[in-house]
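Structure, as structure tokens:
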There are 4 protein chains.
Amino acid sequence: MNTFKFSFKNDYSELAHPNVLKALSALGNTQFEGYGLDEYSLRSGELIKAKINKSSADVHLISGGTQANLVVISSVLRPHEAVIACESGHIFVHEAGAIEATGHKICTVKGADGKLSAGDIEKVLNTHTDEHMVKPRLVFISQSTEIGSVYKKEELTAISEFCRKSNLYLYLDGARFGAGINSDSCDLTYSDIANLVDVFYIGGTKNGALFGEAIVICRDELKPDFRYFLKQKGALIAKGAAIGTQFEALFENCLYDELAKHANNMALKLANGIKTLGYGFLSEPETNQIFPIFPSETVKELHNLYGFYDWQQIGDMTAVRLVTSWATPESIVDEFLFDLSGT
Amino acid sequence: MNTFKFSFKNDYSELAHPNVLKALSALGNTQFEGYGLDEYSLRSGELIKAKINKSSADVHLISGGTQANLVVISSVLRPHEAVIACESGHIFVHEAGAIEATGHKICTVKGADGKLSAGDIEKVLNTHTDEHMVKPRLVFISQSTEIGSVYKKEELTAISEFCRKSNLYLYLDGARFGAGINSDSCDLTYSDIANLVDVFYIGGTKNGALFGEAIVICRDELKPDFRYFLKQKGALIAKGAAIGTQFEALFENCLYDELAKHANNMALKLANGIKTLGYGFLSEPETNQIFPIFPSETVKELHNLYGFYDWQQIGDMTAVRLVTSWATPESIVDEFLFDLSGT
Amino acid sequence: MNTFKFSFKNDYSELAHPNVLKALSALGNTQFEGYGLDEYSLRSGELIKAKINKSSADVHLISGGTQANLVVISSVLRPHEAVIACESGHIFVHEAGAIEATGHKICTVKGADGKLSAGDIEKVLNTHTDEHMVKPRLVFISQSTEIGSVYKKEELTAISEFCRKSNLYLYLDGARFGAGINSDSCDLTYSDIANLVDVFYIGGTKNGALFGEAIVICRDELKPDFRYFLKQKGALIAKGAAIGTQFEALFENCLYDELAKHANNMALKLANGIKTLGYGFLSEPETNQIFPIFPSETVKELHNLYGFYDWQQIGDMTAVRLVTSWATPESIVDEFLFDLSGT
Amino acid sequence: MNTFKFSFKNDYSELAHPNVLKALSALGNTQFEGYGLDEYSLRSGELIKAKINKSSADVHLISGGTQANLVVISSVLRPHEAVIACESGHIFVHEAGAIEATGHKICTVKGADGKLSAGDIEKVLNTHTDEHMVKPRLVFISQSTEIGSVYKKEELTAISEFCRKSNLYLYLDGARFGAGINSDSCDLTYSDIANLVDVFYIGGTKNGALFGEAIVICRDELKPDFRYFLKQKGALIAKGAAIGTQFEALFENCLYDELAKHANNMALKLANGIKTLGYGFLSEPETNQIFPIFPSETVKELHNLYGFYDWQQIGDMTAVRLVTSWATPESIVDEFLFDLSGT
């Protein structure tokens, strides 16, 4: 598409892992039930429930992350209720007002390192005290976050406990769930997350699937009628089997984790090489998104060779975002480091 | 999935035509731009514009029909404006209130044979005269319709002319566009439709694609900012190339029309066989959905052998819906007729 | 304003009963709490709860009927849930899509004489069976209805029982509550209504108040956070005392019932006079809205003398709507009958 | 109501100026057209258009400020468009998510002294550059602001010019329009405001009316169909004459300005007295809301005598909000100062 060597713009630049495409092709002309009631969807749901060790969960497969966020959030909240999120939260910045379009305000706090704390949430509650203001009811977090950081078990537990005692639901956006849970910095298991949050989704699109996200509902009162919400928002896909078979391929043999580990490893190698060359980072690299800071002149040169986004201007330096994926070849990482060393 | 021989339940029971899957696999690990800005999406847009002979049109690829309807309709209307549709319209009956959820009322008329007429539309205008009522602004029709019928050129022209003189937009839901345009009963060309309506979509999901619908905007004032609407409703898919390459496969060599013709032919053969056996129909078969009327006892027996939906009870007879697709084998049609003759 | 003798157009053509205006003036420069937390609002709430004999009810005062409908309905329903109403229901016809603008579909049935029956409601439930359709959850009725008829105790009891066993809420629009409950055809008491419906409102605007409607919530689970809904829809009026003092005036000494009885009596006298002159009616006169059928020529002459709306053309006859109010002088009724006899 | 001497909590604690009540009573049983089409509404509209010297403007009377904001904003914006406002803006903080409930995001900037600048607005535009974010389209300001400050002519002109060259609409919330325009700090005329903003409202509720706000639309393309928006949001009041006659009373003889001046003067006297006693202010007193800073101990004592809101804790000091109105007696101001001097 472009003339540069490789794109580190994002982790959805390549179509899908070969095993996923193979699974799709294997369906041939088999007939299946529509709207996610097929055997592939059901089996992938079972695989996911086994993985998170929670047989009581409900699993719903849909096609994209913004869709997951808007369906889940609008299904949980009554009209006067609001979401609490970080200022860097995807729903607040990069979803074209999708949540507000369903009628709900997002109450933001600055957060630190892309993450909320129980204290942040409490501050929002303390300033929303009567009917002239919205009523915060749902906490939105991302794992890994929009800037590549991860919640540790202690942090997520503190948030979860605070939410439960404060009558708040906790929702985790897992667009990059794989990168998060497979990060060396992350001491949370699949099961931990299923126990600590009320609803979350496991992102396929950014980790080897052609498309698809698996919404997992852990809290009983959020389960009824969820398929109505999917349908109403245009998220109940006719050929649900097309997502089901992909999640089967991803969760049958830990492919999902392997792909995420590869992406993380490539980012780590990239980060270490960059550190060795003497550059610093906007935040400590933890997953497949890293934010090195280069002289702006260097950034300009790199743009001739690689695709990536500039993130923040800092004097005459520029922090950039480099994203690796399940498909990033190690050779390209080496090449980038070599090219960088020559700038 | 089920133990019966074959399902005539719908035209999205099989995954995708082999050429479509081949096109997907051919992408390999090529990197592409996100969100529909890739070369595959662009090329498929060009193919579609050539097909409809309107280079000025805008084409947007999304993943499903309800999504297409809710995005288009909510992008066109201001808050007080409403849609006019048939009582049998998909948006009125089978989208879980998706249109109302975007804030808009659907004003229905009974219609005839699943179709609106200019006179029907006029009646709605005549009863919506001041600010105590909604203001009808968009007319919704389907081709082929929800009950398998098709608008003829004369009918669509009359509607189009009435809409233009009445300051109404005209939107055509083409979930089964292929079946409609390739029906022997249809004297409309792709180009006719692009000239007569303001916005429409060409459905891929029900005609050989894995998933995907191509929204085509013909009217200039409906074009600006459309990608915002897609994003806000969760319809801007990250890997747009995954739809783009499918529509390329479908429109490069008239595969789209061939598949629809096959489906229509299978339905026609089925219909003729059923007629020969002496049965009548709820409405004249024109596309890949047919509605024969059998004795309820016969229907019961057929349910042991085939999947299909009962449509309407008529005394001790039952009208059923049989749907064929691009993948329906002719041998199954023969078998169904044979089984029917033995009931 | 107009040059005709008198307007029978509606029951909100005159400002307010003198006692109401006196109550307002009596407040002088007294300071009161804002947003309905004042003593006047509280006292009027107590008067209403005594009147309906339900001390557990919640009473909220707001400024108009469409507002009452949209606030109540959107507070009760989750996004995928819908209202069941008559085709003649005010929310369906004459509120400019206010309910749909809050995201909810109205499922209509034809009804009879402006009224729903349990059987009508059941029919809607039977055709809304899965997540491709909205989920009916609230039944909307009006007392008196939009065409002046009234539900009898037997009818309302049957609806109430059906709703309770079917997990449906029952909401009564009381824009003309006074005319309904004080109709000779109505065998329901205030207390009956409070026991049979889940939420309703008692209309002030059309029965002597300057403006104001009293929403009464009987069902416990509909009470929490209601003031948030009021505020969010712009219905939490800063000077709630202005409505409170009016409802005090109306309910202290049965003024509310007296005014409604006067309106009904004037309508009855008008109807009897019209009958005596040999004319028929579109529906049997029961409250302060009557629908006589005159030769169109007569209607034309009457329009020179009186304000009223034409309702329906029936061959060369025209059914018209005549509305009386608490302020309609008996002399004008006599004059109208005299003028009619001379046409 | 309370046992304290006087409430400085807000400017809607007293019902209405005697002239306003007199005007209401004067209507007697006169019949008028419904829904704001009466002669009183029309005449008050003419008075307002004369006052702002813009005969082409459209004037609509409604019952409250939150309602005005939500109707205007949702009428102006398409679904993907957003509002720019100060973090202290009423719509962002104190309207229970009313704007988001109509589907729109509010993009906030910190502002200074409760006011936006052209530079603030530009910053928002610069960070909203593609369809992954909302599209800012309307700027919301208040005059006087939520913290009592006023825009000067130079400031408003700069904002207006920036908006016009940037394709942004400019909306002014005039809940306290009277206090703003009659402030000694304000060099703007009624006519200036009508020329610089696209739509605004003149608040009655907080300046002598029983209730009522006059929305004034100056920009032509915002005028069509506005009554539909009013109706759909429950803001088209049946007895519009009840607001019309009040605005007639307020604008016939400059009563509106006189009342605002009285409120401002009382606040000024209070402020000057407080300064004389040696206390400072959170912001310079300019209108009828002032924010003196007292020792928290003093505040505690004052709460025994007067009603008012604590605003902000500053170490062991507390900034409080004191609001005067058209009805605040000068003697009470003296008494407050006397009591304060004794603490």
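Residue names in the structure tokens use chain letters A, B, ... in the order shown, residue numbers from 1 in each chain, and ligand numbers from 1 in the order shown.
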Expected answer as number ranges by chain: chain C residues within 7 Å of chain B, only C-alpha atoms: C: 80, 93-97, 100-105, 131-134
Could the residues in this selection be saved with N, CA, C and O atoms as a PDB file, in the first residue's frame?
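This is the output file out.pdb:
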```pdb
ATOM      1  N   HIS C  80     -34.390  -1.617  25.028  1.00  0.00           N
ATOM      2  CA  HIS C  80     -35.020  -2.522  24.058  1.00  0.00           C
ATOM      3  C   HIS C  80     -36.509  -2.704  24.334  1.00  0.00           C
ATOM      4  O   HIS C  80     -37.173  -3.463  23.636  1.00  0.00           O
ATOM      5  N   VAL C  93     -49.723   9.815  18.259  1.00  0.00           N
ATOM      6  CA  VAL C  93     -50.177  10.717  17.203  1.00  0.00           C
ATOM      7  C   VAL C  93     -49.671  12.141  17.365  1.00  0.00           C
ATOM      8  O   VAL C  93     -49.183  12.753  16.418  1.00  0.00           O
ATOM      9  N   HIS C  94     -49.766  12.667  18.571  1.00  0.00           N
ATOM     10  CA  HIS C  94     -49.683  14.117  18.727  1.00  0.00           C
ATOM     11  C   HIS C  94     -48.572  14.615  19.630  1.00  0.00           C
ATOM     12  O   HIS C  94     -48.699  15.655  20.270  1.00  0.00           O
ATOM     13  N   GLU C  95     -47.487  13.871  19.708  1.00  0.00           N
ATOM     14  CA  GLU C  95     -46.380  14.363  20.526  1.00  0.00           C
ATOM     15  C   GLU C  95     -45.087  14.455  19.712  1.00  0.00           C
ATOM     16  O   GLU C  95     -43.989  14.409  20.271  1.00  0.00           O
ATOM     17  N   ALA C  96     -45.231  14.610  18.412  1.00  0.00           N
ATOM     18  CA  ALA C  96     -44.065  14.874  17.548  1.00  0.00           C
ATOM     19  C   ALA C  96     -42.940  13.864  17.744  1.00  0.00           C
ATOM     20  O   ALA C  96     -41.768  14.207  17.643  1.00  0.00           O
ATOM     21  N   GLY C  97     -43.325  12.635  18.038  1.00  0.00           N
ATOM     22  CA  GLY C  97     -42.296  11.610  18.185  1.00  0.00           C
ATOM     23  C   GLY C  97     -41.518  11.715  19.480  1.00  0.00           C
ATOM     24  O   GLY C  97     -40.377  11.254  19.563  1.00  0.00           O
ATOM     25  N   GLU C 100     -40.415   8.204  20.810  1.00  0.00           N
ATOM     26  CA  GLU C 100     -39.357   7.644  19.960  1.00  0.00           C
ATOM     27  C   GLU C 100     -38.060   8.434  20.165  1.00  0.00           C
ATOM     28  O   GLU C 100     -36.970   7.846  20.120  1.00  0.00           O
ATOM     29  N   ALA C 101     -38.174   9.727  20.387  1.00  0.00           N
ATOM     30  CA  ALA C 101     -36.958  10.524  20.600  1.00  0.00           C
ATOM     31  C   ALA C 101     -36.218  10.091  21.859  1.00  0.00           C
ATOM     32  O   ALA C 101     -35.024  10.346  21.993  1.00  0.00           O
ATOM     33  N   THR C 102     -36.896   9.434  22.778  1.00  0.00           N
ATOM     34  CA  THR C 102     -36.189   8.874  23.938  1.00  0.00           C
ATOM     35  C   THR C 102     -35.725   7.451  23.644  1.00  0.00           C
ATOM     36  O   THR C 102     -35.179   6.785  24.525  1.00  0.00           O
ATOM     37  N   GLY C 103     -35.979   6.980  22.429  1.00  0.00           N
ATOM     38  CA  GLY C 103     -35.412   5.698  21.999  1.00  0.00           C
ATOM     39  C   GLY C 103     -36.368   4.522  21.965  1.00  0.00           C
ATOM     40  O   GLY C 103     -35.951   3.405  21.679  1.00  0.00           O
ATOM     41  N   HIS C 104     -37.649   4.763  22.217  1.00  0.00           N
ATOM     42  CA  HIS C 104     -38.561   3.639  22.370  1.00  0.00           C
ATOM     43  C   HIS C 104     -39.651   3.584  21.310  1.00  0.00           C
ATOM     44  O   HIS C 104     -40.237   4.595  20.956  1.00  0.00           O
ATOM     45  N   LYS C 105     -39.920   2.381  20.883  1.00  0.00           N
ATOM     46  CA  LYS C 105     -40.974   2.151  19.911  1.00  0.00           C
ATOM     47  C   LYS C 105     -42.328   2.061  20.606  1.00  0.00           C
ATOM     48  O   LYS C 105     -42.421   1.567  21.734  1.00  0.00           O
ATOM     49  N   GLU C 131     -35.641 -11.628  20.148  1.00  0.00           N
ATOM     50  CA  GLU C 131     -34.801 -10.421  20.182  1.00  0.00           C
ATOM     51  C   GLU C 131     -34.699  -9.699  18.849  1.00  0.00           C
ATOM     52  O   GLU C 131     -34.018  -8.678  18.766  1.00  0.00           O
ATOM     53  N   HIS C 132     -35.375 -10.197  17.823  1.00  0.00           N
ATOM     54  CA  HIS C 132     -35.417  -9.434  16.578  1.00  0.00           C
ATOM     55  C   HIS C 132     -36.505  -8.369  16.630  1.00  0.00           C
ATOM     56  O   HIS C 132     -36.597  -7.526  15.754  1.00  0.00           O
ATOM     57  N   MET C 133     -37.323  -8.465  17.648  1.00  0.00           N
ATOM     58  CA  MET C 133     -38.385  -7.477  17.846  1.00  0.00           C
ATOM     59  C   MET C 133     -38.182  -6.778  19.192  1.00  0.00           C
ATOM     60  O   MET C 133     -37.471  -7.291  20.051  1.00  0.00           O
ATOM     61  N   VAL C 134     -38.800  -5.626  19.364  1.00  0.00           N
ATOM     62  CA  VAL C 134     -38.759  -4.972  20.669  1.00  0.00           C
ATOM     63  C   VAL C 134     -39.508  -5.826  21.689  1.00  0.00           C
ATOM     64  O   VAL C 134     -40.257  -6.724  21.334  1.00  0.00           O
TER      65      VAL C 134
END
```
Filtered DSSP result for range 126-290 of chain C, state strand (DSSP E), as a list in words: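 Filtering range 126-290 of chain C down to strand (DSSP E) leaves Lys135, Pro136, Arg137, Leu138, Val139, Phe140, Ile141, Ser142, Tyr169, Leu170, Tyr171, Leu172, Asp173, Val199, Phe200, Tyr201, Ile202, Gly203, Glu213, Ala214, Ile215, Val216, Ile217, Gly280, Phe281, Gln289 and Ile290 of chain C.
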Expected file contents, prior selection, N, CA, C and O atoms, as a compact mmCIF listing (two decimals), in the first residue's frame:
```txt
# COMPACT_ATOMS: atom_id res chain seq x y z
N LYS C 135 -39.29 -5.51 22.95
CA LYS C 135 -39.95 -6.25 24.03
C LYS C 135 -40.98 -5.33 24.69
O LYS C 135 -40.60 -4.40 25.40
N PRO C 136 -42.26 -5.57 24.47
CA PRO C 136 -43.27 -4.70 25.09
C PRO C 136 -43.19 -4.80 26.61
O PRO C 136 -43.11 -5.89 27.15
N ARG C 137 -43.21 -3.63 27.28
CA ARG C 137 -43.03 -3.68 28.74
C ARG C 137 -43.98 -2.75 29.47
O ARG C 137 -44.18 -2.86 30.67
N LEU C 138 -44.56 -1.80 28.75
CA LEU C 138 -45.40 -0.80 29.40
C LEU C 138 -46.66 -0.62 28.58
O LEU C 138 -46.59 -0.54 27.35
N VAL C 139 -47.79 -0.56 29.25
CA VAL C 139 -49.05 -0.29 28.56
C VAL C 139 -49.47 1.15 28.85
O VAL C 139 -49.48 1.57 30.01
N PHE C 140 -49.79 1.87 27.79
CA PHE C 140 -50.20 3.26 27.90
C PHE C 140 -51.69 3.38 27.63
O PHE C 140 -52.17 2.97 26.57
N ILE C 141 -52.42 3.93 28.57
CA ILE C 141 -53.83 4.23 28.35
C ILE C 141 -54.10 5.67 28.80
O ILE C 141 -53.30 6.26 29.54
N SER C 142 -55.23 6.23 28.38
CA SER C 142 -55.60 7.58 28.78
C SER C 142 -56.99 7.54 29.41
O SER C 142 -57.85 6.79 28.96
N TYR C 169 -45.85 -3.06 32.91
CA TYR C 169 -46.28 -1.92 33.72
C TYR C 169 -47.47 -1.26 33.05
O TYR C 169 -47.62 -1.30 31.84
N LEU C 170 -48.29 -0.62 33.87
CA LEU C 170 -49.48 0.06 33.36
C LEU C 170 -49.42 1.54 33.72
O LEU C 170 -49.30 1.89 34.90
N TYR C 171 -49.49 2.37 32.70
CA TYR C 171 -49.37 3.82 32.88
C TYR C 171 -50.62 4.50 32.34
O TYR C 171 -51.06 4.22 31.22
N LEU C 172 -51.19 5.39 33.12
CA LEU C 172 -52.40 6.09 32.72
C LEU C 172 -52.11 7.58 32.53
O LEU C 172 -51.67 8.25 33.47
N ASP C 173 -52.36 8.07 31.34
CA ASP C 173 -52.20 9.48 31.01
C ASP C 173 -53.48 10.20 31.43
O ASP C 173 -54.54 9.96 30.87
N VAL C 199 -48.40 3.79 37.52
CA VAL C 199 -48.01 5.20 37.53
C VAL C 199 -49.04 5.93 36.68
O VAL C 199 -49.55 5.40 35.70
N PHE C 200 -49.39 7.15 37.09
CA PHE C 200 -50.34 7.93 36.30
C PHE C 200 -50.10 9.40 36.57
O PHE C 200 -49.29 9.75 37.42
N TYR C 201 -50.77 10.26 35.82
CA TYR C 201 -50.70 11.66 36.22
C TYR C 201 -52.07 12.29 36.22
O TYR C 201 -52.97 11.88 35.48
N ILE C 202 -52.22 13.25 37.11
CA ILE C 202 -53.46 14.00 37.26
C ILE C 202 -53.24 15.36 36.62
O ILE C 202 -52.41 16.14 37.08
N GLY C 203 -53.97 15.60 35.55
CA GLY C 203 -53.73 16.80 34.76
C GLY C 203 -54.34 18.05 35.35
O GLY C 203 -55.54 18.08 35.65
N GLU C 213 -49.02 19.33 36.04
CA GLU C 213 -49.53 17.97 36.07
C GLU C 213 -48.87 17.29 37.28
O GLU C 213 -47.71 17.53 37.57
N ALA C 214 -49.62 16.44 37.94
CA ALA C 214 -49.08 15.74 39.11
C ALA C 214 -48.86 14.27 38.75
O ALA C 214 -49.82 13.51 38.60
N ILE C 215 -47.58 13.90 38.64
CA ILE C 215 -47.25 12.50 38.37
C ILE C 215 -47.33 11.73 39.68
O ILE C 215 -46.76 12.15 40.69
N VAL C 216 -48.04 10.61 39.66
CA VAL C 216 -48.20 9.80 40.87
C VAL C 216 -47.61 8.41 40.60
O VAL C 216 -48.06 7.70 39.69
N ILE C 217 -46.58 8.05 41.36
CA ILE C 217 -45.95 6.75 41.18
C ILE C 217 -46.39 5.82 42.30
O ILE C 217 -46.15 6.09 43.47
N GLY C 280 -76.65 13.01 15.22
CA GLY C 280 -75.97 11.87 15.83
C GLY C 280 -74.55 12.22 16.24
O GLY C 280 -74.10 13.34 16.06
N PHE C 281 -73.86 11.21 16.79
CA PHE C 281 -72.51 11.41 17.30
C PHE C 281 -71.58 10.32 16.80
O PHE C 281 -72.01 9.19 16.56
N GLN C 289 -65.42 16.18 25.95
CA GLN C 289 -65.17 16.23 24.50
C GLN C 289 -66.30 15.48 23.83
O GLN C 289 -66.49 14.29 24.10
N ILE C 290 -67.02 16.13 22.93
CA ILE C 290 -68.09 15.43 22.23
C ILE C 290 -67.89 15.59 20.72
O ILE C 290 -67.25 16.55 20.27
```
Interatomic distance, CA of Ala263 in chain A to CA of Thr157 in chain A (Å, one decimal):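 Distance between the two atoms: 26.6 Å.
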Non-local contacts of range 3-9 of chain D (6 Å; only C-alpha atoms; under 4 positions in same chain excluded) as a list in words: Leu305, Tyr306, Gly307, Phe308, Leu322 and Val323 of chain D
Contacts of Ala209 in chain C within 10 Å, only C-alpha atoms, excl. fewer than 3 positions in-chain, as number ranges by chain: C: 12, 14-21, 203-206, 212-213, 243, 246-247, 249-250, 256
Contact residues around Glu258 in chain C with only C-alpha atoms at 10 Å, ignoring same-chain residues under 6 positions, as number ranges by chain: C: 178-179, 182, 207, 250, 264, 326
